[in-house]
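Following: one structure in structure tokens, then a few remarks.
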Amino acid sequence: MNNRRLFLEYLAQTSPFPLQIEIEKAQGCILYGAEGKEYIDLISGISVSNVGHCHPKVVKAVQDQAAKYMHLMVYGEIIQGPQVKLAEKISALLPPSLNNIYFVNSGSEAIEGALKLSKRYTRRSEIISFNNAYHGSTTGALSIIGSEKYKNAFRPLTPMTTSIRFNNTDDFKYITNKTAAVFIEPIQGEAGIILPEKNYLKKLREKCTETGTLLVFDEVQSGFGRTGKMFAFEHYDVVPDILICAKGMGGGMPIGAFISSKEIMSTLMESPILGHITTFGGHPVSCAASLACIEVIEEERLLKDISDKEALFRKLLVHPKIKSIRGKGLFLAVEFASRDINFAVNHQCLENGVFVDWFLFNDKSLRIAPPLTITAAEIEAACEKILMAIEK
């Protein structure tokens, strides 16, 4: 049996129509197929490989740490250099109030931790999130995503959760002194890259402060340079009480985190002790990779060219069938008139050697979220192939 047959036989499938593209190697912005075909990667494993695939500095950090030690003990019990160095580095990137970090393995796990933390600190139970928000697939995270289509088959879910409308300040009336936390993506991802309207996040911050509600920013997709700043909330001059990170922070390795103040985070230490625990969270190899990833972003000054790269995509992707391009930095959505057109373009792009995707809650839009290292020449080649796909 070849790998394709083994894939279909033994791996649990998530849809009836997996892409079934076999990749043998990835480097920078290029994926190399089993039969020698090359793909320009415009989605970075869904905003994961922000510094490109197999960046030499990240690879070396992984190799060096794996040769020293890997798993030692459950998170938080033993001082591990990669964890403390990474925590120090991330804290230095953030406002002073976001100074205490809990490392986990993924975005969903970070959301679960933040749900527990917000309830524990406020001693409230109600959680508010937003229509068309995506926060993960575990039960707690699923409870606060903004799509009934994806939730109904798995009910009952976590009680006392409410979804309100994004960019609608009238719905702030639902945020009260009974609300433990509001979970929001500063820029909605799976909704199709929806930006907040002017001052919307500031008004939300004010409402949360007024009601004693914690404001939680989910930056799983938008963090670590994706929008042209290290974190998307920096564009809007608003600081959350809890920040969620994952995906792009690991340089391709699995890692996530929820971050808050020491005061808030300390409530997980007692009554009960070990109020939140993880075996593999903050894995030393993943932490070493994450620190190297951040250093690459800084040393190679990857953020300085993000707006120019966005402008180049917008300049080149002009076609009568493209209705709009939304987003910020290298976090873009190209919208067509219908799902059918978008899916056909997606399929043809793969045939043309461009790896693209659609959005979970916006199937009319094509996702563009390449590695931050993508060059102008690669952008030009990718856009030419996308336009060819639209024509065909």
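Quick note on naming: the chains in the structure tokens go A, B, ... in the order shown, residues restart at 1 in each chain, and ligands are numbered from 1 in order of appearance.
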What are the closest atom pairs, with distances in Å to one decimal, for each residue of segment 105-153 of chain A lying within 12 Å of segment 347-359 of chain A, using only C-alpha atoms, rows by chain and rising residue number, as CSV?
residue,atom,partner,partner_atom,distance
A:Asn132,CA,A:Phe359,CA,10.6
A:Ala133,CA,A:Phe359,CA,11.4
A:Tyr134,CA,A:Phe359,CA,10.4
Restricting the output to C-alpha atoms, write the selected residues as an mmCIF file, in the first residue's frame.
data_model
loop_
_atom_site.group_PDB
_atom_site.id
_atom_site.type_symbol
_atom_site.label_atom_id
_atom_site.label_comp_id
_atom_site.auth_asym_id
_atom_site.auth_seq_id
_atom_site.Cartn_x
_atom_site.Cartn_y
_atom_site.Cartn_z
ATOM 1 C CA ASN A 132 -18.652 33.686 13.372
ATOM 2 C CA ALA A 133 -15.805 33.526 15.884
ATOM 3 C CA TYR A 134 -13.570 30.479 15.916
#
Excluding segment 274-284 of chain A and its own-chain neighbours fewer than 2 positions away, which residues fall within 9 Å of it when counting only C-alpha atoms? Please give them as number ranges by chain. A: 62, 65-66, 69-76, 80-83, 102-106, 113, 116-117, 254-257, 267-272, 286-289
Suppose we keep N, CA and C atoms; can you now write the selection as an mmCIF file, in the first residue's frame?
data_model
loop_
_atom_site.group_PDB
_atom_site.id
_atom_site.type_symbol
_atom_site.label_atom_id
_atom_site.label_comp_id
_atom_site.auth_asym_id
_atom_site.auth_seq_id
_atom_site.Cartn_x
_atom_site.Cartn_y
_atom_site.Cartn_z
ATOM 1 N N VAL A 62 15.738 23.294 17.591
ATOM 2 C CA VAL A 62 15.063 22.017 17.863
ATOM 3 C C VAL A 62 16.103 20.911 18.054
ATOM 4 N N GLN A 65 18.145 21.396 21.395
ATOM 5 C CA GLN A 65 17.399 21.114 22.611
ATOM 6 C C GLN A 65 17.067 19.625 22.724
ATOM 7 N N ALA A 66 16.724 18.994 21.599
ATOM 8 C CA ALA A 66 16.400 17.561 21.634
ATOM 9 C C ALA A 66 17.599 16.734 22.098
ATOM 10 N N TYR A 69 17.647 17.587 26.439
ATOM 11 C CA TYR A 69 16.557 16.864 27.087
ATOM 12 C C TYR A 69 15.242 17.235 26.417
ATOM 13 N N MET A 70 14.306 16.294 26.511
ATOM 14 C CA MET A 70 12.952 16.552 26.028
ATOM 15 C C MET A 70 12.023 16.566 27.235
ATOM 16 N N HIS A 71 10.992 15.753 27.279
ATOM 17 C CA HIS A 71 10.060 15.838 28.416
ATOM 18 C C HIS A 71 10.735 15.386 29.706
ATOM 19 N N LEU A 72 10.527 16.171 30.760
ATOM 20 C CA LEU A 72 11.071 15.837 32.077
ATOM 21 C C LEU A 72 9.976 15.603 33.113
ATOM 22 N N MET A 73 9.006 16.537 33.160
ATOM 23 C CA MET A 73 8.018 16.516 34.236
ATOM 24 C C MET A 73 6.854 17.391 33.812
ATOM 25 N N VAL A 74 5.696 17.190 34.425
ATOM 26 C CA VAL A 74 4.540 18.013 34.099
ATOM 27 C C VAL A 74 4.878 19.484 34.259
ATOM 28 N N TYR A 75 4.159 20.311 33.503
ATOM 29 C CA TYR A 75 4.444 21.747 33.454
ATOM 30 C C TYR A 75 4.435 22.385 34.841
ATOM 31 N N GLY A 76 5.451 23.220 35.092
ATOM 32 C CA GLY A 76 5.456 24.056 36.282
ATOM 33 C C GLY A 76 6.181 23.503 37.489
ATOM 34 N N GLN A 80 12.964 24.743 33.733
ATOM 35 C CA GLN A 80 13.503 24.335 32.440
ATOM 36 C C GLN A 80 13.899 25.590 31.667
ATOM 37 N N GLY A 81 15.150 25.662 31.278
ATOM 38 C CA GLY A 81 15.676 26.848 30.618
ATOM 39 C C GLY A 81 14.869 27.330 29.437
ATOM 40 N N PRO A 82 14.474 26.454 28.508
ATOM 41 C CA PRO A 82 13.721 26.931 27.345
ATOM 42 C C PRO A 82 12.414 27.611 27.724
ATOM 43 N N GLN A 83 11.743 27.107 28.775
ATOM 44 C CA GLN A 83 10.488 27.719 29.197
ATOM 45 C C GLN A 83 10.711 29.118 29.758
ATOM 46 N N TYR A 102 1.310 31.009 30.836
ATOM 47 C CA TYR A 102 1.080 29.577 31.022
ATOM 48 C C TYR A 102 1.166 28.925 29.654
ATOM 49 N N PHE A 103 2.166 28.059 29.459
ATOM 50 C CA PHE A 103 2.371 27.414 28.166
ATOM 51 C C PHE A 103 1.550 26.124 28.059
ATOM 52 N N VAL A 104 0.955 25.932 26.898
ATOM 53 C CA VAL A 104 0.199 24.721 26.595
ATOM 54 C C VAL A 104 0.646 24.217 25.222
ATOM 55 N N ASN A 105 -0.154 23.335 24.613
ATOM 56 C CA ASN A 105 0.249 22.708 23.354
ATOM 57 C C ASN A 105 -0.424 23.279 22.118
ATOM 58 N N SER A 106 -1.498 24.030 22.293
ATOM 59 C CA SER A 106 -2.278 24.456 21.131
ATOM 60 C C SER A 106 -3.170 25.631 21.488
ATOM 61 N N GLY A 113 -7.781 26.964 29.034
ATOM 62 C CA GLY A 113 -7.157 27.518 30.234
ATOM 63 C C GLY A 113 -7.695 28.890 30.568
ATOM 64 N N LYS A 116 -11.181 28.717 32.174
ATOM 65 C CA LYS A 116 -11.094 28.378 33.594
ATOM 66 C C LYS A 116 -10.572 29.555 34.408
ATOM 67 N N LEU A 117 -9.542 30.218 33.887
ATOM 68 C CA LEU A 117 -8.938 31.333 34.613
ATOM 69 C C LEU A 117 -9.932 32.469 34.805
ATOM 70 N N PRO A 254 4.465 22.530 17.849
ATOM 71 C CA PRO A 254 3.205 22.738 18.578
ATOM 72 C C PRO A 254 3.420 23.436 19.913
ATOM 73 N N ILE A 255 2.786 24.590 20.075
ATOM 74 C CA ILE A 255 2.868 25.331 21.336
ATOM 75 C C ILE A 255 1.752 26.371 21.362
ATOM 76 N N GLY A 256 1.254 26.659 22.541
ATOM 77 C CA GLY A 256 0.276 27.717 22.744
ATOM 78 C C GLY A 256 0.499 28.329 24.108
ATOM 79 N N ALA A 257 -0.238 29.393 24.410
ATOM 80 C CA ALA A 257 -0.097 30.031 25.714
ATOM 81 C C ALA A 257 -1.309 30.888 26.013
ATOM 82 N N THR A 267 -4.477 32.862 40.738
ATOM 83 C CA THR A 267 -5.671 32.204 41.278
ATOM 84 C C THR A 267 -5.734 30.726 40.917
ATOM 85 N N LEU A 268 -4.917 30.289 39.947
ATOM 86 C CA LEU A 268 -4.888 28.864 39.610
ATOM 87 C C LEU A 268 -3.976 28.063 40.536
ATOM 88 N N MET A 269 -3.308 28.744 41.484
ATOM 89 C CA MET A 269 -2.331 28.073 42.346
ATOM 90 C C MET A 269 -2.962 27.374 43.556
ATOM 91 N N GLU A 270 -4.126 27.841 43.970
ATOM 92 C CA GLU A 270 -4.686 27.290 45.194
ATOM 93 C C GLU A 270 -6.209 27.301 45.159
ATOM 94 N N SER A 271 -6.763 26.496 46.057
ATOM 95 C CA SER A 271 -8.228 26.334 46.174
ATOM 96 C C SER A 271 -8.908 25.972 44.850
ATOM 97 N N PRO A 272 -8.490 24.933 44.191
ATOM 98 C CA PRO A 272 -7.506 23.926 44.596
ATOM 99 C C PRO A 272 -6.118 24.236 44.047
ATOM 100 N N SER A 286 9.642 22.582 21.906
ATOM 101 C CA SER A 286 8.753 23.590 21.329
ATOM 102 C C SER A 286 9.103 24.984 21.822
ATOM 103 N N CYS A 287 9.461 25.099 23.095
ATOM 104 C CA CYS A 287 9.844 26.412 23.635
ATOM 105 C C CYS A 287 11.125 26.917 22.989
ATOM 106 N N ALA A 288 12.082 26.030 22.771
ATOM 107 C CA ALA A 288 13.323 26.427 22.102
ATOM 108 C C ALA A 288 13.035 26.903 20.688
ATOM 109 N N ALA A 289 12.135 26.183 19.992
ATOM 110 C CA ALA A 289 11.758 26.581 18.634
ATOM 111 C C ALA A 289 11.058 27.929 18.643
#
Apply DSSP to the backbone of this structure and, from segment 49-135 of chain A, keep only the residues in strand (DSSP E or B); write these as a list in words. His53, Asn100, Ile101, Tyr102, Phe103, Val104, Glu126, Ile127, Ile128, Ser129 and Phe130 of chain A
For N, CA and C atoms, I'd like the residues from the last selection saved as a PDB file, in the first residue's frame.
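Wrote it out as again06.pdb, contents follow:
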ATOM      1  N   HIS A  53       8.957  27.570   6.304  1.00  0.00           N
ATOM      2  CA  HIS A  53       9.164  26.173   6.671  1.00  0.00           C
ATOM      3  C   HIS A  53      10.646  25.890   6.876  1.00  0.00           C
ATOM      4  N   ASN A 100       2.593  37.256  32.906  1.00  0.00           N
ATOM      5  CA  ASN A 100       2.627  35.908  33.463  1.00  0.00           C
ATOM      6  C   ASN A 100       2.066  34.940  32.431  1.00  0.00           C
ATOM      7  N   ILE A 101       2.837  33.900  32.120  1.00  0.00           N
ATOM      8  CA  ILE A 101       2.534  33.068  30.958  1.00  0.00           C
ATOM      9  C   ILE A 101       2.357  31.614  31.369  1.00  0.00           C
ATOM     10  N   TYR A 102       1.310  31.009  30.836  1.00  0.00           N
ATOM     11  CA  TYR A 102       1.080  29.577  31.022  1.00  0.00           C
ATOM     12  C   TYR A 102       1.166  28.925  29.654  1.00  0.00           C
ATOM     13  N   PHE A 103       2.166  28.059  29.459  1.00  0.00           N
ATOM     14  CA  PHE A 103       2.371  27.414  28.166  1.00  0.00           C
ATOM     15  C   PHE A 103       1.550  26.124  28.059  1.00  0.00           C
ATOM     16  N   VAL A 104       0.955  25.932  26.898  1.00  0.00           N
ATOM     17  CA  VAL A 104       0.199  24.721  26.595  1.00  0.00           C
ATOM     18  C   VAL A 104       0.646  24.217  25.222  1.00  0.00           C
ATOM     19  N   GLU A 126     -20.734  33.361  33.402  1.00  0.00           N
ATOM     20  CA  GLU A 126     -21.181  33.678  32.041  1.00  0.00           C
ATOM     21  C   GLU A 126     -20.006  34.076  31.151  1.00  0.00           C
ATOM     22  N   ILE A 127     -19.991  33.518  29.933  1.00  0.00           N
ATOM     23  CA  ILE A 127     -18.971  33.836  28.930  1.00  0.00           C
ATOM     24  C   ILE A 127     -19.654  34.367  27.674  1.00  0.00           C
ATOM     25  N   ILE A 128     -19.149  35.478  27.151  1.00  0.00           N
ATOM     26  CA  ILE A 128     -19.690  36.059  25.925  1.00  0.00           C
ATOM     27  C   ILE A 128     -18.622  36.006  24.835  1.00  0.00           C
ATOM     28  N   SER A 129     -19.051  35.606  23.642  1.00  0.00           N
ATOM     29  CA  SER A 129     -18.160  35.605  22.479  1.00  0.00           C
ATOM     30  C   SER A 129     -18.948  36.169  21.294  1.00  0.00           C
ATOM     31  N   PHE A 130     -18.496  35.910  20.072  1.00  0.00           N
ATOM     32  CA  PHE A 130     -19.064  36.623  18.924  1.00  0.00           C
ATOM     33  C   PHE A 130     -19.486  35.688  17.796  1.00  0.00           C
TER      34      PHE A 130
END
Shell of 9 Å around Ser222 of chain A, only C-alpha atoms, local chain residues under 6 positions omitted, as a PyMOL selection string: chain A and resi 47+185-189+230-232+245+248+331
Mind dumping the selected residues with N, CA and C atoms as a compact mmCIF listing (two decimals), in the first residue's frame?
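The result, written out as again.txt:
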# COMPACT_ATOMS: atom_id res chain seq x y z
N SER A 47 -1.60 29.94 9.17
CA SER A 47 -0.92 30.95 10.00
C SER A 47 0.02 30.36 11.04
N GLU A 185 -11.67 37.73 18.90
CA GLU A 185 -10.53 37.85 18.01
C GLU A 185 -10.45 39.33 17.61
N PRO A 186 -9.34 40.01 17.88
CA PRO A 186 -9.24 41.42 17.48
C PRO A 186 -9.52 41.61 15.98
N ILE A 187 -9.07 40.64 15.19
CA ILE A 187 -9.44 40.56 13.77
C ILE A 187 -10.02 39.16 13.58
N GLN A 188 -11.28 39.08 13.19
CA GLN A 188 -11.90 37.77 13.06
C GLN A 188 -11.26 36.99 11.92
N GLY A 189 -10.85 35.76 12.19
CA GLY A 189 -10.17 34.94 11.22
C GLY A 189 -11.09 34.13 10.33
N MET A 230 3.73 42.70 16.07
CA MET A 230 3.90 41.40 16.71
C MET A 230 2.55 40.82 17.12
N PHE A 231 1.64 41.70 17.61
CA PHE A 231 0.29 41.28 17.97
C PHE A 231 -0.71 42.25 17.36
N ALA A 232 -1.82 41.73 16.89
CA ALA A 232 -2.80 42.57 16.20
C ALA A 232 -3.37 43.65 17.10
N CYS A 245 -2.35 32.87 22.59
CA CYS A 245 -1.40 32.71 21.48
C CYS A 245 -1.24 31.24 21.14
N GLY A 248 1.52 30.63 15.06
CA GLY A 248 2.74 31.24 14.57
C GLY A 248 3.84 31.40 15.60
N PHE A 331 -2.61 38.82 6.31
CA PHE A 331 -3.79 38.17 6.87
C PHE A 331 -4.97 38.66 6.04
Need the shell around Pro320 of chain A: protein/DNA/RNA residues with any atom at most 12 Å away, counting only C-alpha atoms. Skip same-chain ones fewer than 4 positions apart. Format as a PyMOL selection string? chain A and resi 324+335-337+387+390-391
Restrict the selected residues to N, CA and C atoms and save them as a short mmCIF file (atom, residue, chain, number, x, y, z; two decimals), in the first residue's frame.
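File produced: result_15.cif:
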data_model
loop_
_atom_site.label_atom_id
_atom_site.label_comp_id
_atom_site.auth_asym_id
_atom_site.auth_seq_id
_atom_site.Cartn_x
_atom_site.Cartn_y
_atom_site.Cartn_z
N SER A 324 -13.78 41.76 -3.49
CA SER A 324 -13.09 42.60 -2.51
C SER A 324 -11.90 41.84 -1.95
N GLU A 335 -12.45 37.84 -1.74
CA GLU A 335 -13.85 37.40 -1.81
C GLU A 335 -14.36 37.33 -3.24
N PHE A 336 -15.09 36.24 -3.52
CA PHE A 336 -15.76 36.04 -4.80
C PHE A 336 -17.27 36.11 -4.59
N ALA A 337 -18.00 35.99 -5.68
CA ALA A 337 -19.46 36.13 -5.59
C ALA A 337 -20.14 34.93 -4.95
N LEU A 387 -4.58 34.37 -10.72
CA LEU A 387 -5.33 35.00 -11.82
C LEU A 387 -5.58 34.00 -12.96
N ILE A 390 -8.43 31.85 -11.85
CA ILE A 390 -9.72 32.54 -11.99
C ILE A 390 -10.18 32.50 -13.43
N GLU A 391 -9.26 32.76 -14.35
CA GLU A 391 -9.61 32.75 -15.78
C GLU A 391 -10.10 31.38 -16.22
#
Between A:Tyr10, A:Tyr121, A:Phe17, A:Phe166, which has the minimum distance to Ile264 of chain A (counting only C-alpha atoms)?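 Selected residue with least distance to Ile264 of chain A: A:Tyr121.
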Among segment 46-111 of chain A, which residues does DSSP mark as helix (DSSP H, G or I) when it is run on the backbone? Keep the chain and numbering as in the structure and answer as a CSV table (one decimal) with N, CA and C atoms, in the first residue's frame.
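This went into states_39.csv:
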chain,number,residue,atom,x,y,z
A,46,ILE,N,-2.2,27.3,8.0
A,46,ILE,CA,-3.1,28.2,8.6
A,46,ILE,C,-2.4,29.0,9.7
A,47,SER,N,-1.6,29.9,9.2
A,47,SER,CA,-0.9,31.0,10.0
A,47,SER,C,0.0,30.4,11.0
A,56,PRO,N,16.4,27.7,9.2
A,56,PRO,CA,17.6,27.0,9.7
A,56,PRO,C,17.8,27.3,11.2
A,57,LYS,N,17.5,28.5,11.7
A,57,LYS,CA,17.7,28.8,13.1
A,57,LYS,C,16.7,28.1,14.0
A,58,VAL,N,15.5,27.9,13.5
A,58,VAL,CA,14.5,27.1,14.3
A,58,VAL,C,14.9,25.6,14.3
A,59,VAL,N,15.3,25.1,13.1
A,59,VAL,CA,15.7,23.7,13.0
A,59,VAL,C,16.9,23.4,14.0
A,60,LYS,N,17.9,24.3,14.0
A,60,LYS,CA,19.0,24.2,14.9
A,60,LYS,C,18.6,24.2,16.4
A,61,ALA,N,17.7,25.1,16.7
A,61,ALA,CA,17.2,25.2,18.1
A,61,ALA,C,16.5,23.9,18.5
A,62,VAL,N,15.7,23.3,17.6
A,62,VAL,CA,15.1,22.0,17.9
A,62,VAL,C,16.1,20.9,18.1
A,63,GLN,N,17.1,20.8,17.1
A,63,GLN,CA,18.1,19.8,17.2
A,63,GLN,C,18.9,19.9,18.5
A,64,ASP,N,19.3,21.2,18.8
A,64,ASP,CA,20.2,21.4,20.0
A,64,ASP,C,19.4,21.0,21.3
A,65,GLN,N,18.1,21.4,21.4
A,65,GLN,CA,17.4,21.1,22.6
A,65,GLN,C,17.1,19.6,22.7
A,66,ALA,N,16.7,19.0,21.6
A,66,ALA,CA,16.4,17.6,21.6
A,66,ALA,C,17.6,16.7,22.1
A,67,ALA,N,18.8,17.2,21.8
A,67,ALA,CA,20.0,16.5,22.2
A,67,ALA,C,20.3,16.7,23.7
A,68,LYS,N,19.7,17.7,24.4
A,68,LYS,CA,19.9,18.0,25.8
A,68,LYS,C,18.9,17.3,26.6
A,81,GLY,N,15.2,25.7,31.3
A,81,GLY,CA,15.7,26.8,30.6
A,81,GLY,C,14.9,27.3,29.4
A,82,PRO,N,14.5,26.5,28.5
A,82,PRO,CA,13.7,26.9,27.3
A,82,PRO,C,12.4,27.6,27.7
A,83,GLN,N,11.7,27.1,28.8
A,83,GLN,CA,10.5,27.7,29.2
A,83,GLN,C,10.7,29.1,29.8
A,84,VAL,N,11.6,29.2,30.7
A,84,VAL,CA,11.8,30.5,31.4
A,84,VAL,C,12.4,31.6,30.4
A,85,LYS,N,13.3,31.2,29.5
A,85,LYS,CA,13.8,32.1,28.5
A,85,LYS,C,12.7,32.6,27.6
A,86,LEU,N,11.9,31.7,27.1
A,86,LEU,CA,10.8,32.1,26.2
A,86,LEU,C,9.8,33.0,27.0
A,87,ALA,N,9.4,32.7,28.2
A,87,ALA,CA,8.5,33.5,29.0
A,87,ALA,C,9.1,34.9,29.1
A,88,GLU,N,10.3,35.0,29.5
A,88,GLU,CA,11.0,36.3,29.6
A,88,GLU,C,10.9,37.1,28.3
A,89,LYS,N,11.2,36.4,27.2
A,89,LYS,CA,11.2,37.1,25.9
A,89,LYS,C,9.8,37.6,25.5
A,90,ILE,N,8.8,36.7,25.7
A,90,ILE,CA,7.4,37.1,25.3
A,90,ILE,C,6.9,38.3,26.2
A,91,SER,N,7.2,38.2,27.5
A,91,SER,CA,6.8,39.3,28.4
A,91,SER,C,7.4,40.6,28.0
A,92,ALA,N,8.6,40.6,27.5
A,92,ALA,CA,9.3,41.8,27.0
A,92,ALA,C,8.6,42.4,25.8
A,93,LEU,N,7.9,41.6,25.1
A,93,LEU,CA,7.2,42.1,23.9
A,93,LEU,C,5.8,42.7,24.2
A,107,GLY,N,-3.8,26.2,20.5
A,107,GLY,CA,-4.7,27.3,20.7
A,107,GLY,C,-6.0,26.9,21.5
A,108,SER,N,-6.5,25.7,21.1
A,108,SER,CA,-7.7,25.2,21.8
A,108,SER,C,-7.4,25.1,23.3
A,109,GLU,N,-6.2,24.5,23.6
A,109,GLU,CA,-5.9,24.3,25.1
A,109,GLU,C,-5.7,25.7,25.8
A,110,ALA,N,-5.2,26.7,25.0
A,110,ALA,CA,-5.0,28.0,25.6
A,110,ALA,C,-6.4,28.6,25.9
A,111,ILE,N,-7.3,28.4,25.0
A,111,ILE,CA,-8.7,28.9,25.2
A,111,ILE,C,-9.3,28.2,26.5
Need the shell around Tyr32 of chain A: protein/DNA/RNA residues with any atom at most 12 Å away, counting only C-alpha atoms. Skip same-chain ones fewer than 4 positions apart. Format as a list of chain:residue names? A:Ile21, A:Glu22, A:Ile23, A:Glu24, A:Lys25, A:Ala26, A:Gln27, A:Gly28, A:Gly36, A:Lys37, A:Glu38, A:Tyr39, A:Ile40, A:Asp41, A:His53, A:Gly353, A:Val354, A:Phe355
Considering only C-alpha atoms, return as number ranges by chain whatever protein or nucleic-acid residues lie within 10 Å of segment 192-209 of chain A, sequence-local ones (same chain, fewer than 4 positions apart) excluded. A: 132, 166-169, 172-173, 175-177, 179-182, 184-188, 213-216, 222, 233, 236-241, 325-328, 331-335, 358-368
Check the smallest atom-to-atom distance from each of A:Gly223, A:Pro16, A:Gly45, A:Gly251 to Leu31 of chain A using only C-alpha atoms, then report the winner.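 Looking only at the distances to Leu31 of chain A, the closest residue turns out to be A:Gly45.
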Do you have the atom CA of Arg226 of chain A-atom CA of Pro96 of chain A distance handy? 22.1 Å
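Separating atom CA of Gly228 of chain A from atom CA of Arg301 of chain A is a distance of 10.7 Å.
Closest approach to Lys229 of chain A among A:Ala381, A:Ile259, A:Ala292, A:Leu330 is made by A:Leu330 (distances from only C-alpha atoms).
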Go through A:Gln221, A:Asn99, A:Thr373, A:Ser137 one by one, measure the shortest atom-to-atom distance of each to Ser266 of chain A using only C-alpha atoms, and give the residue with the smallest value.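 Once distances to Ser266 of chain A are computed over only C-alpha atoms, the minimum belongs to A:Asn99.
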Please compute the atom CA of Val285 of chain A-atom CA of Met253 of chain A distance, one decimal, in Å.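 It comes out at 8.2 Å.
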Quick one: of A:Glu378, A:His235, A:Lys321, A:Gly212, who's nearest to Val345 of chain A, counting only C-alpha atoms?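 The shortest atom-to-atom distance to Val345 of chain A comes from A:Lys321.
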